[in-house]
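Structure data follow from run.cif (mmCIF, C-alpha atoms):
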data_entry
#
loop_
_atom_site.label_atom_id
_atom_site.label_comp_id
_atom_site.auth_asym_id
_atom_site.auth_seq_id
_atom_site.Cartn_x
_atom_site.Cartn_y
_atom_site.Cartn_z
CA MET A 15 24.93 79.92 25.36
CA ALA A 16 24.14 77.52 22.51
CA SER A 17 24.63 80.28 19.95
CA ASP A 18 28.11 81.06 21.32
CA LEU A 19 29.08 77.39 21.20
CA CYS A 20 27.86 76.71 17.69
CA LEU A 21 29.65 79.74 16.21
CA PRO A 22 33.13 78.06 16.11
CA GLY A 23 31.66 75.10 14.28
CA ILE A 24 30.00 77.36 11.73
CA LEU A 25 33.28 79.21 11.19
CA LEU A 26 35.01 75.85 10.67
CA ASP A 27 32.40 74.94 8.07
CA LEU A 28 32.94 78.29 6.36
CA HIS A 29 36.68 77.59 6.30
CA LEU A 30 36.47 74.03 4.98
CA GLY A 31 33.43 74.59 2.80
CA GLU A 32 34.61 77.77 1.12
CA LEU A 33 38.37 78.23 1.56
CA VAL A 34 39.23 74.66 0.54
CA ASN A 35 36.74 74.48 -2.33
CA SER A 36 37.16 78.04 -3.60
CA PRO A 37 40.33 79.83 -2.46
CA ALA A 38 39.61 82.64 -4.94
CA CYS A 39 36.75 83.68 -2.66
CA PHE A 40 39.18 85.29 -0.24
CA GLN A 41 42.11 85.81 -2.59
CA SER A 42 40.18 88.08 -4.92
CA LEU A 43 38.91 90.34 -2.16
CA SER A 44 42.30 90.66 -0.42
CA ALA A 45 44.09 91.23 -3.75
CA ASP A 46 41.64 93.92 -4.81
CA ILE A 47 41.86 95.73 -1.47
CA ALA A 48 45.68 95.60 -1.58
CA ALA A 49 45.75 96.78 -5.18
CA ASN A 50 43.41 99.67 -4.46
CA ARG A 51 45.58 100.83 -1.57
CA ALA A 52 48.69 100.68 -3.73
CA GLY A 53 47.02 102.29 -6.73
CA LEU A 54 47.65 99.21 -8.89
CA PRO A 55 45.30 97.11 -11.06
CA SER A 56 44.23 93.79 -9.55
CA ILE A 57 45.47 90.59 -11.18
CA VAL A 58 42.49 88.65 -9.83
CA THR A 59 40.04 91.19 -11.25
CA ALA A 60 41.79 91.09 -14.61
CA LYS A 61 41.22 87.33 -14.77
CA ASN A 62 37.51 88.01 -14.37
CA TYR A 63 36.75 85.37 -11.72
CA TRP A 64 33.13 85.46 -10.58
CA GLU A 65 34.47 85.79 -7.02
CA ALA A 66 35.83 89.21 -8.02
CA ARG A 67 32.22 90.34 -8.27
CA THR A 68 30.47 88.28 -5.62
CA VAL A 69 33.35 87.69 -3.14
CA CYS A 70 32.19 84.59 -1.17
CA LEU A 71 28.66 84.27 -2.54
CA ASP A 72 27.45 81.61 -4.94
CA PRO A 73 26.13 83.42 -8.05
CA TYR A 74 23.20 80.99 -8.26
CA TRP A 75 21.78 82.02 -4.89
CA GLN A 76 22.75 85.65 -5.31
CA ASN A 77 20.87 85.70 -8.60
CA GLN A 78 17.64 84.88 -6.79
CA TRP A 79 18.00 87.99 -4.61
CA LEU A 80 18.11 90.26 -7.66
CA LYS A 81 14.58 89.64 -8.95
CA HIS A 82 11.85 92.11 -8.03
CA TYR A 83 8.35 93.23 -8.94
CA ASP A 84 9.01 96.49 -10.80
CA PHE A 85 8.04 94.84 -14.10
CA GLY A 86 5.30 92.52 -12.94
CA LEU A 87 4.59 89.76 -10.46
CA VAL A 88 7.36 87.24 -11.12
CA LYS A 89 8.26 84.13 -9.17
CA ARG A 90 11.00 84.40 -6.54
CA GLY A 91 10.81 88.18 -6.69
CA PHE A 92 10.01 88.94 -3.05
CA LEU A 93 13.57 88.97 -1.69
CA GLY A 94 14.83 91.35 -4.37
CA ALA A 95 11.82 93.63 -3.92
CA PHE A 96 12.44 93.67 -0.18
CA LEU A 97 16.13 94.52 -0.66
CA LYS A 98 15.30 97.22 -3.19
CA VAL A 99 13.20 99.07 -0.62
CA PHE A 100 16.27 99.57 1.59
CA THR A 101 19.12 99.72 -0.91
CA GLY A 102 17.66 101.36 -3.99
CA ASP A 103 18.97 100.32 -7.39
CA GLU A 104 22.45 99.29 -6.18
CA ILE A 105 23.35 96.74 -3.53
CA ASN A 106 26.74 96.56 -1.86
CA VAL A 107 27.82 92.94 -2.27
CA LEU A 108 29.77 93.09 1.00
CA VAL A 109 26.46 93.65 2.81
CA LEU A 110 25.13 90.41 1.34
CA ASN A 111 28.35 88.64 2.31
CA LEU A 112 27.39 89.47 5.89
CA LEU A 113 23.64 88.96 5.51
CA PHE A 114 23.72 85.47 3.98
CA PRO A 115 25.90 83.85 6.70
CA LEU A 116 23.84 85.67 9.35
CA ILE A 117 20.65 84.08 8.01
CA GLY A 118 22.32 80.66 8.09
CA PHE A 119 23.54 81.24 11.64
CA LEU A 120 20.03 82.23 12.79
CA LEU A 121 18.59 79.10 11.18
CA ILE A 122 21.13 76.87 12.94
CA PHE A 123 20.45 78.61 16.24
CA ALA A 124 16.66 78.22 15.70
CA LEU A 125 17.19 74.50 15.12
CA ILE A 126 19.26 74.13 18.30
CA PHE A 127 16.73 76.16 20.30
CA THR A 128 13.87 74.04 19.02
CA VAL A 129 15.62 70.77 19.86
CA ARG A 130 16.21 72.12 23.35
CA GLU A 131 12.53 72.92 23.77
CA VAL A 132 11.31 69.47 22.69
CA SER A 133 13.99 67.42 24.47
CA LEU A 134 15.70 67.25 27.84
CA LEU A 135 19.03 68.55 26.58
CA ARG A 136 20.34 71.10 29.06
CA GLY A 137 23.69 72.36 30.32
CA LYS A 138 26.72 70.43 29.13
CA ALA A 139 24.65 68.03 27.05
CA LEU A 140 23.10 70.91 25.11
CA ALA A 141 26.54 72.48 24.66
CA VAL A 142 27.97 69.24 23.23
CA PHE A 143 24.94 68.85 20.96
CA ALA A 144 25.32 72.43 19.68
CA VAL A 145 29.02 72.00 18.92
CA LEU A 146 28.59 68.67 17.13
CA LEU A 147 25.59 69.85 15.12
CA SER A 148 27.36 73.02 14.03
CA ILE A 149 30.41 71.24 12.64
CA ARG A 150 28.81 69.07 9.95
CA PRO A 151 27.05 67.81 7.90
CA VAL A 152 23.76 69.57 8.87
CA THR A 153 25.44 72.93 9.20
CA LYS A 154 27.72 72.19 6.26
CA VAL A 155 24.83 72.08 3.80
CA ILE A 156 23.49 75.37 5.21
CA VAL A 157 26.90 77.00 4.80
CA GLU A 158 27.29 75.64 1.27
CA THR A 159 23.93 77.07 0.21
CA SER A 160 24.41 80.42 1.95
CA GLY A 161 21.78 82.75 0.50
CA ASP A 162 19.34 79.96 -0.31
CA PRO A 163 15.77 81.37 -0.25
CA LEU A 164 14.69 78.22 1.62
CA HIS A 165 16.73 79.43 4.60
CA VAL A 166 14.58 82.54 4.76
CA VAL A 167 11.41 80.45 4.40
CA ALA A 168 12.43 78.16 7.27
CA LEU A 169 13.30 81.13 9.50
CA LEU A 170 9.95 82.78 8.78
CA CYS A 171 8.19 79.55 9.79
CA PHE A 172 10.16 79.45 13.04
CA PHE A 173 9.46 83.07 13.94
CA ALA A 174 5.74 82.65 13.17
CA ILE A 175 5.60 79.67 15.54
CA PHE A 176 7.76 81.40 18.16
CA LEU A 177 5.53 84.49 18.16
CA GLY A 178 2.34 82.45 18.02
CA LEU A 179 3.26 80.56 21.17
CA ARG A 180 3.69 83.87 22.98
CA LEU A 181 0.31 85.33 22.09
CA PRO A 182 -1.95 86.04 25.09
CA SER A 183 -5.09 83.95 25.47
CA SER A 184 -7.24 86.73 24.03
CA GLN A 185 -5.29 86.61 20.75
CA VAL A 186 -4.74 82.87 20.23
CA ARG A 187 -7.06 83.02 17.22
CA LEU A 188 -4.38 85.05 15.44
CA ARG A 189 -2.01 82.09 15.33
CA PRO A 190 -3.49 80.61 12.11
CA LEU A 191 -3.25 84.08 10.55
CA LEU A 192 0.49 84.10 11.25
CA HIS A 193 0.78 80.79 9.41
CA ILE A 194 -1.28 82.13 6.52
CA ALA A 195 0.87 85.26 6.21
CA VAL A 196 4.11 83.25 6.25
CA TYR A 197 2.70 80.75 3.76
CA ILE A 198 1.88 83.48 1.23
CA VAL A 199 5.24 85.25 1.69
CA ALA A 200 7.04 81.90 1.41
CA LEU A 201 5.26 81.22 -1.89
CA LEU A 202 6.47 84.58 -3.19
CA ILE A 203 10.02 83.71 -2.09
CA TYR A 204 10.01 80.16 -3.46
CA GLU A 205 7.11 78.60 -5.36
CA GLY A 206 7.88 75.12 -4.01
CA SER A 207 6.55 76.32 -0.65
CA TYR A 208 3.05 75.76 -2.02
CA LEU A 209 3.39 72.02 -1.37
CA LEU A 210 6.28 71.88 1.07
CA LEU A 211 4.50 74.09 3.63
CA LEU A 212 1.02 72.58 3.46
CA PRO A 213 1.56 70.73 6.78
CA PHE A 214 2.77 74.05 8.24
CA LEU A 215 -0.34 75.88 6.98
CA PHE A 216 -2.65 73.25 8.50
CA PHE A 217 -0.51 72.80 11.61
CA ASP A 218 -3.58 72.12 13.78
CA ARG A 219 -5.22 69.87 11.16
CA LYS A 220 -8.19 72.25 10.98
CA ILE A 221 -9.83 73.62 7.85
CA ASP A 222 -11.36 77.08 8.03
CA LEU A 223 -12.46 79.75 5.57
CA ALA A 224 -9.31 81.86 5.92
CA ARG A 225 -7.00 78.99 5.03
CA VAL A 226 -9.22 77.80 2.19
CA VAL A 227 -9.13 81.31 0.69
CA CYS A 228 -5.36 81.42 1.24
CA LEU A 229 -4.91 78.09 -0.55
CA ALA A 230 -7.11 79.21 -3.45
CA ALA A 231 -5.20 82.47 -3.87
CA SER A 232 -1.90 80.60 -3.61
CA THR A 233 -3.04 78.18 -6.32
CA VAL A 234 -3.69 81.11 -8.68
CA LEU A 235 -0.22 82.48 -7.90
CA LEU A 236 1.40 79.08 -8.47
CA ILE A 237 -0.28 78.71 -11.86
CA GLY A 238 1.06 82.11 -12.82
CA PHE A 239 4.54 81.24 -11.60
CA SER A 240 4.52 77.95 -13.54
CA ARG A 241 4.73 79.77 -16.86
CA PRO A 242 8.09 80.81 -18.34
CA GLU A 243 8.98 84.49 -18.13
CA SER A 244 9.67 86.61 -21.20
CA ALA A 245 13.24 87.56 -22.05
CA GLU A 246 12.23 91.22 -21.91
CA ILE A 247 11.34 90.98 -18.21
CA GLY A 248 14.73 89.45 -17.45
CA VAL A 249 16.53 92.26 -19.30
CA ASN A 250 14.51 94.95 -17.52
CA ILE A 251 15.19 93.40 -14.11
CA ALA A 252 18.91 93.19 -14.86
CA GLU A 253 19.03 96.86 -15.85
CA SER A 254 17.12 98.12 -12.82
CA LEU A 255 18.97 96.42 -9.94
CA THR A 256 22.66 95.62 -9.67
CA MET A 257 25.20 94.60 -7.05
CA PHE A 258 28.63 96.17 -6.88
CA ASN A 259 31.87 95.23 -5.20
CA PRO A 260 33.35 98.40 -3.64
CA ALA A 261 36.79 96.74 -3.48
CA ASN A 262 37.19 96.74 -7.26
CA GLY A 263 34.18 98.52 -8.75
CA LEU A 264 32.87 95.44 -10.58
CA SER A 265 29.11 94.85 -10.70
CA TRP A 266 26.72 91.95 -11.07
CA ALA A 267 23.16 91.98 -12.43
CA TYR A 268 20.36 89.43 -12.64
CA GLN A 269 21.04 86.74 -15.23
CA ALA A 270 18.10 84.84 -16.70
CA GLY A 271 18.29 81.33 -18.10
CA GLY A 272 20.65 78.45 -17.61
CA GLY A 273 19.73 75.10 -16.08
CA VAL A 274 16.91 74.99 -13.57
CA SER A 275 16.79 78.76 -13.16
CA PRO A 276 14.22 81.01 -11.46
CA ASN A 277 12.84 82.33 -14.76
CA VAL A 278 11.74 79.11 -16.50
CA GLY A 279 8.43 77.33 -16.03
CA PHE A 280 7.63 74.20 -14.04
CA MET A 281 7.27 72.01 -17.13
CA PHE A 282 10.70 73.06 -18.39
CA ASN A 283 12.24 71.99 -15.09
CA ALA A 284 10.27 68.74 -15.10
CA LYS A 285 11.28 67.83 -18.66
CA GLN A 286 14.93 68.67 -18.00
CA GLU A 287 15.18 66.60 -14.83
CA PHE A 288 13.22 63.63 -16.20
CA ALA A 289 15.50 63.62 -19.24
CA ARG A 290 18.43 63.25 -16.84
CA TYR A 291 16.63 60.45 -14.99
CA LEU A 292 16.04 58.55 -18.23
CA ASP A 293 19.63 59.11 -19.33
CA GLN A 294 21.14 57.72 -16.11
CA PRO A 295 18.34 56.10 -14.07
CA THR A 296 20.57 53.92 -11.90
CA GLY A 297 23.00 56.74 -11.21
CA TYR A 298 20.30 59.16 -10.13
CA ILE A 299 18.58 56.61 -7.92
CA PHE A 300 21.85 55.82 -6.19
CA ARG A 301 22.66 59.52 -5.75
CA ALA A 302 19.26 60.17 -4.21
CA PHE A 303 19.73 57.18 -1.91
CA ARG A 304 23.15 58.48 -0.82
CA SER A 305 21.41 61.61 0.48
CA PHE A 306 18.39 59.79 1.87
CA VAL A 307 20.51 57.64 4.20
CA PRO A 308 22.22 60.50 6.10
CA SER A 309 18.94 62.44 6.19
CA ILE A 310 17.22 59.54 7.96
CA SER A 311 20.16 59.43 10.37
CA VAL A 312 19.63 63.10 11.25
CA GLY A 313 15.94 62.47 11.93
CA LEU A 314 16.70 59.45 14.12
CA ILE A 315 19.36 61.37 16.07
CA PHE A 316 16.93 64.20 16.78
CA GLY A 317 14.19 61.71 17.56
CA SER A 318 16.33 59.84 20.08
CA PHE A 319 16.88 63.00 22.11
CA MET A 320 13.20 63.94 21.85
CA ARG A 321 12.07 60.45 22.91
CA PHE A 322 13.48 60.92 26.42
CA ARG A 323 11.02 63.72 26.96
CA SER A 324 7.98 62.52 25.05
CA ARG A 325 7.28 59.58 22.78
CA ASP A 326 4.53 61.54 21.08
CA SER A 327 6.91 64.33 20.09
CA ALA A 328 9.41 61.88 18.58
CA ILE A 329 6.70 60.12 16.59
CA SER A 330 5.29 63.48 15.55
CA LEU A 331 8.69 64.45 14.09
CA PHE A 332 8.69 61.43 11.79
CA ARG A 333 5.04 61.94 10.91
CA GLU A 334 5.45 65.63 10.02
CA ALA A 335 8.58 64.91 7.96
CA SER A 336 6.67 62.19 6.09
CA PHE A 337 3.75 64.55 5.40
CA ILE A 338 6.07 67.25 4.04
CA PHE A 339 7.84 64.74 1.82
CA ILE A 340 4.58 63.27 0.48
CA PHE A 341 3.10 66.69 -0.31
CA GLY A 342 6.39 67.86 -1.82
CA ILE A 343 7.03 64.85 -4.08
CA PRO A 344 6.52 66.87 -7.32
CA PHE A 345 9.31 69.24 -6.32
CA PHE A 346 11.56 66.43 -5.10
CA LEU A 347 11.24 64.89 -8.56
CA ILE A 348 12.50 68.01 -10.36
CA THR A 349 15.47 68.70 -8.14
CA HIS A 350 18.91 67.22 -7.70
CA ASP A 351 19.64 69.02 -4.40
CA TYR A 352 18.44 66.06 -2.38
CA PHE A 353 20.25 66.61 0.92
CA ARG A 354 19.44 70.33 0.85
CA TYR A 355 15.72 69.58 0.58
CA TRP A 356 15.83 66.87 3.23
CA MET A 357 17.41 69.23 5.74
CA PHE A 358 14.66 71.76 4.96
CA VAL A 359 12.05 69.06 5.56
CA ILE A 360 13.57 68.17 8.94
CA CYS A 361 13.76 71.84 9.97
CA ILE A 362 10.09 72.50 9.18
CA ALA A 363 9.01 69.22 10.78
CA ILE A 364 10.78 69.92 14.06
CA PHE A 365 9.45 73.51 14.11
CA VAL A 366 5.89 72.18 13.81
CA VAL A 367 6.59 69.65 16.57
CA TYR A 368 7.85 72.53 18.72
CA GLU A 369 4.58 74.39 18.19
CA ARG A 370 2.54 71.34 19.01
CA PHE A 371 4.29 70.30 22.19
CA ALA A 372 5.83 73.44 23.67
CA PRO A 373 3.57 75.28 26.15
CA SER A 374 2.13 78.52 24.81
CA ARG A 375 1.71 81.67 26.86
CA ALA A 376 -2.06 81.25 26.72
CA GLU A 377 -1.94 77.67 27.96
CA GLY A 378 0.57 78.33 30.70
CA ASN A 379 2.12 75.03 31.72
CA GLN A 380 -0.87 72.86 30.84
CA ARG A 381 0.90 71.29 27.86
CA SER A 382 4.40 71.48 29.19
CA MET A 383 6.24 68.21 29.48
CA PRO A 384 7.64 67.43 32.93
CA LEU A 385 11.22 68.24 33.73
CA GLU A 386 11.46 66.57 37.10
CA THR A 387 14.12 64.26 35.71
CA VAL A 388 17.19 64.96 33.65
CA ARG A 389 17.39 61.44 32.33
CA GLY A 390 17.91 62.63 28.75
CA THR A 391 21.01 64.58 29.59
CA ASN A 392 22.63 61.58 31.28
CA ASP A 393 22.22 59.11 28.42
CA TRP A 394 25.32 59.95 26.43
CA ILE A 395 24.88 56.88 24.22
CA CYS A 396 22.61 58.96 22.00
CA PHE A 397 25.57 61.21 21.19
CA VAL A 398 27.53 58.32 19.63
CA PRO A 399 25.86 58.51 16.18
CA LEU A 400 26.22 62.31 16.19
CA VAL A 401 29.95 62.02 16.90
CA ALA A 402 30.25 59.36 14.19
CA PHE A 403 28.43 61.68 11.78
CA VAL A 404 31.07 64.34 12.36
CA LEU A 405 33.97 61.90 11.94
CA VAL A 406 32.59 60.28 8.78
CA GLY A 407 32.37 63.62 7.00
CA PRO A 408 32.66 64.51 4.19
CA PHE A 409 34.93 67.41 5.08
CA ALA A 410 35.60 69.41 1.91
CA GLU A 411 33.22 68.07 -0.76
CA ASP A 412 29.81 69.61 -1.34
CA VAL A 413 26.86 67.71 0.11
CA ARG A 414 23.85 69.78 -0.94
CA THR A 415 23.14 67.49 -3.91
CA TRP A 416 24.29 64.11 -2.61
CA PHE A 417 26.95 62.55 -0.42
CA PRO A 418 30.16 61.57 -2.24
CA GLU A 419 30.65 57.87 -2.83
CA HIS A 420 33.61 57.54 -0.47
CA ALA A 421 31.43 58.75 2.44
CA PHE A 422 28.43 56.55 1.64
CA PHE A 423 29.50 53.43 3.55
CA GLY A 424 30.41 55.62 6.50
CA SER A 425 26.91 57.13 6.37
CA LEU A 426 25.44 53.60 6.42
CA PHE A 427 27.43 52.95 9.59
CA VAL A 428 26.06 56.19 11.08
CA LEU A 429 22.53 55.07 10.15
CA MET A 430 23.07 51.79 12.00
CA LEU A 431 24.29 53.70 15.08
CA ALA A 432 21.35 56.12 14.81
CA CYS A 433 18.88 53.20 14.75
CA LEU A 434 20.58 51.69 17.80
CA GLY A 435 20.57 55.09 19.52
CA TYR A 436 16.85 55.53 18.96
CA ALA A 437 16.17 51.97 20.11
CA TRP A 438 18.20 52.68 23.24
CA SER A 439 16.24 55.87 23.95
CA GLU A 440 12.99 53.94 23.56
CA PHE A 441 14.18 51.16 25.87
CA ARG A 442 15.54 53.52 28.54
CA SER A 443 12.49 55.76 28.45
CA GLN A 444 10.17 52.80 28.98
CA GLN A 445 12.32 51.62 31.86
CA LEU A 446 12.22 55.02 33.51
CA ASP A 447 8.48 55.38 32.86
CA HIS A 448 7.80 52.07 34.60
CA ALA A 449 10.17 52.91 37.45
CA SER A 450 8.61 56.32 38.15
CA PRO A 451 5.83 56.36 40.80
#
Rendering of file as structure tokens:
Amino acid sequence: MASDLCLPGILLDLHLGELVNSPACFQSLSADIAANRAGLPSIVTAKNYWEARTVCLDPYWQNQWLKHYDFGLVKRGFLGAFLKVFTGDEINVLVLNLLFPLIGFLLIFALIFTVREVSLLRGKALAVFAVLLSIRPVTKVIVETSGDPLHVVALLCFFAIFLGLRLPSSQVRLRPLLHIAVYIVALLIYEGSYLLLLPFLFFDRKIDLARVVCLAASTVLLIGFSRPESAEIGVNIAESLTMFNPANGLSWAYQAGGGVSPNVGFMFNAKQEFARYLDQPTGYIFRAFRSFVPSISVGLIFGSFMRFRSRDSAISLFREASFIFIFGIPFFLITHDYFRYWMFVICIAIFVVYERFAPSRAEGNQRSMPLETVRGTNDWICFVPLVAFVLVGPFAEDVRTWFPEHAFFGSLFVLMLACLGYAWSEFRSQQLDHASP
């Protein structure tokens, strides 16, 4: 039910996030299809817009799906190698235009499902939550970064936890192995997972031989990935795997270089970003703060719903998010996609909380949290900051890097409401705890 309800919101985000910002996304495809049917050359294609090749995909994210391992073990090469197994040397770009939004939709649904499992949201309350969450800005940043490898990483973490909780008692020992497998694959997809997923790897706060070996092997991989790649490898990759648009026959190949790209080393990224910090220190600090404020609001909103079911789960959400941020500080320092990273942090944190507090198949209902009351679904005050978040926006501007200035004071207002909402959930939960026999 939640998936059906969040779909309209996602479609609205696709409309406002893509059609308003980049009308050529749809214009080029429709013009090329019409021209092909009429036997005429396409005006849009002649102007050589990048949308004529990628349709609705951002070339930056698409570029990271074109790397593979045919010419050596390169960083961020897993997704391209996986695609190459099924598609060969040519990938239909229309397939990716369906695949990327599908991955985002699954991630949003996983987030809604997880919140349901660690809160008391049910029925109409869950439906309202799903609709509001899917409109913006949480879903907006996922739609904007459609094709982001971090979406795949987050989904893999969710599925590992989901499957681990359903293992029979005789196979519970396999749960850490699921985390190890996902951790290694995530590192091959995005090298930043080495630090960002450490709390996920040690989800039970236990150290064993398998995870120590995994961490050692991952360290060797990370050192290898930290070095810049040769230009020859980039050329070979570009020649061996391409995407094509069947509507106009144009193709797209892997492009190395440019900004913080997947082919340069860690030190190059660090020097480039720190040079920007030194050039405009106040501006960058303010931009990071503009994304930090709404991110805290999202955490408080989730925490307020979780608090009605269990105080420990709400506290655990903040603790896990803090751990991920602390371990991932080196990668936060070399990025400017602040809000994008914060939403990833919250997703992983709430997935780990789900694993810790949801009852597994092996444990039966021993760890399940009681549902004899529906108090959480009746306290609609906690929805106020979520509604305000939707109304404040922003509606058309990108938010993956930072919130625009005109929305900042609105986000401060949302933060105030989120703090009051969490305080209310704490107060009401204590009242109900004392009132219960």
(request) Tell me which of A:Glu334, A:Asp351, A:Glu419, A:Glu246 sits closest to Ala363 in chain A, counting only C-alpha atoms. (result) A:Glu334
(request) Return the single residue from A:Cys396, A:Ile122, A:Ala252, A:Leu192 that is closest to Leu135 in chain A, with distances computed using all atoms listed in the file. (result) A:Cys396
(request) Within 10 Å of Ile395 in chain A, counting only C-alpha atoms, which residues show up once you throw out same-chain ones fewer than 3 positions away? Write them as a VMD selection string, please. (result) chain A and resid 318 392 398 to 400 431 434 to 436 438 to 439
(request) Report as a list in words the residues that result from applying the PyMOL selection byres ((chain A and resi 171) around 8) to the structure here. (result)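 For this structure, the PyMOL selection byres ((chain A and resi 171) around 8) captures Val167, Ala168, Leu169, Leu170, Phe172, Phe173, Ala174, Ile175, His193, Val196, Phe214, Ile362 and Phe365 of chain A.
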(request) Write out as a PyMOL selection string each polymer residue whose atoms come within 10 Å of Leu191 in chain A, counting all atoms listed in the file; drop sequence neighbours fewer than 5 positions from it. (result) chain A and resi 174+178+186+196-197+215+224-225+228
(request) Could you check how far CA of Glu205 in chain A sits from CA of Asp84 in chain A, in Å to one decimal? (result)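 Interatomic distance here is 18.8 Å.
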(request) Using CA of Arg301 in chain A and CA of Ser240 in chain A as the two end points, give the distance in Å to one decimal. (result)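 Pair CA of Arg301 in chain A / CA of Ser240 in chain A returns 27.0 Å.
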(request) List the residues selected by the PyMOL selection byres ((chain A and resi 217) around 9) in the file shown, writing them as a PyMOL selection string. (result) chain A and resi 190+193+212-216+218-220+366+369-370
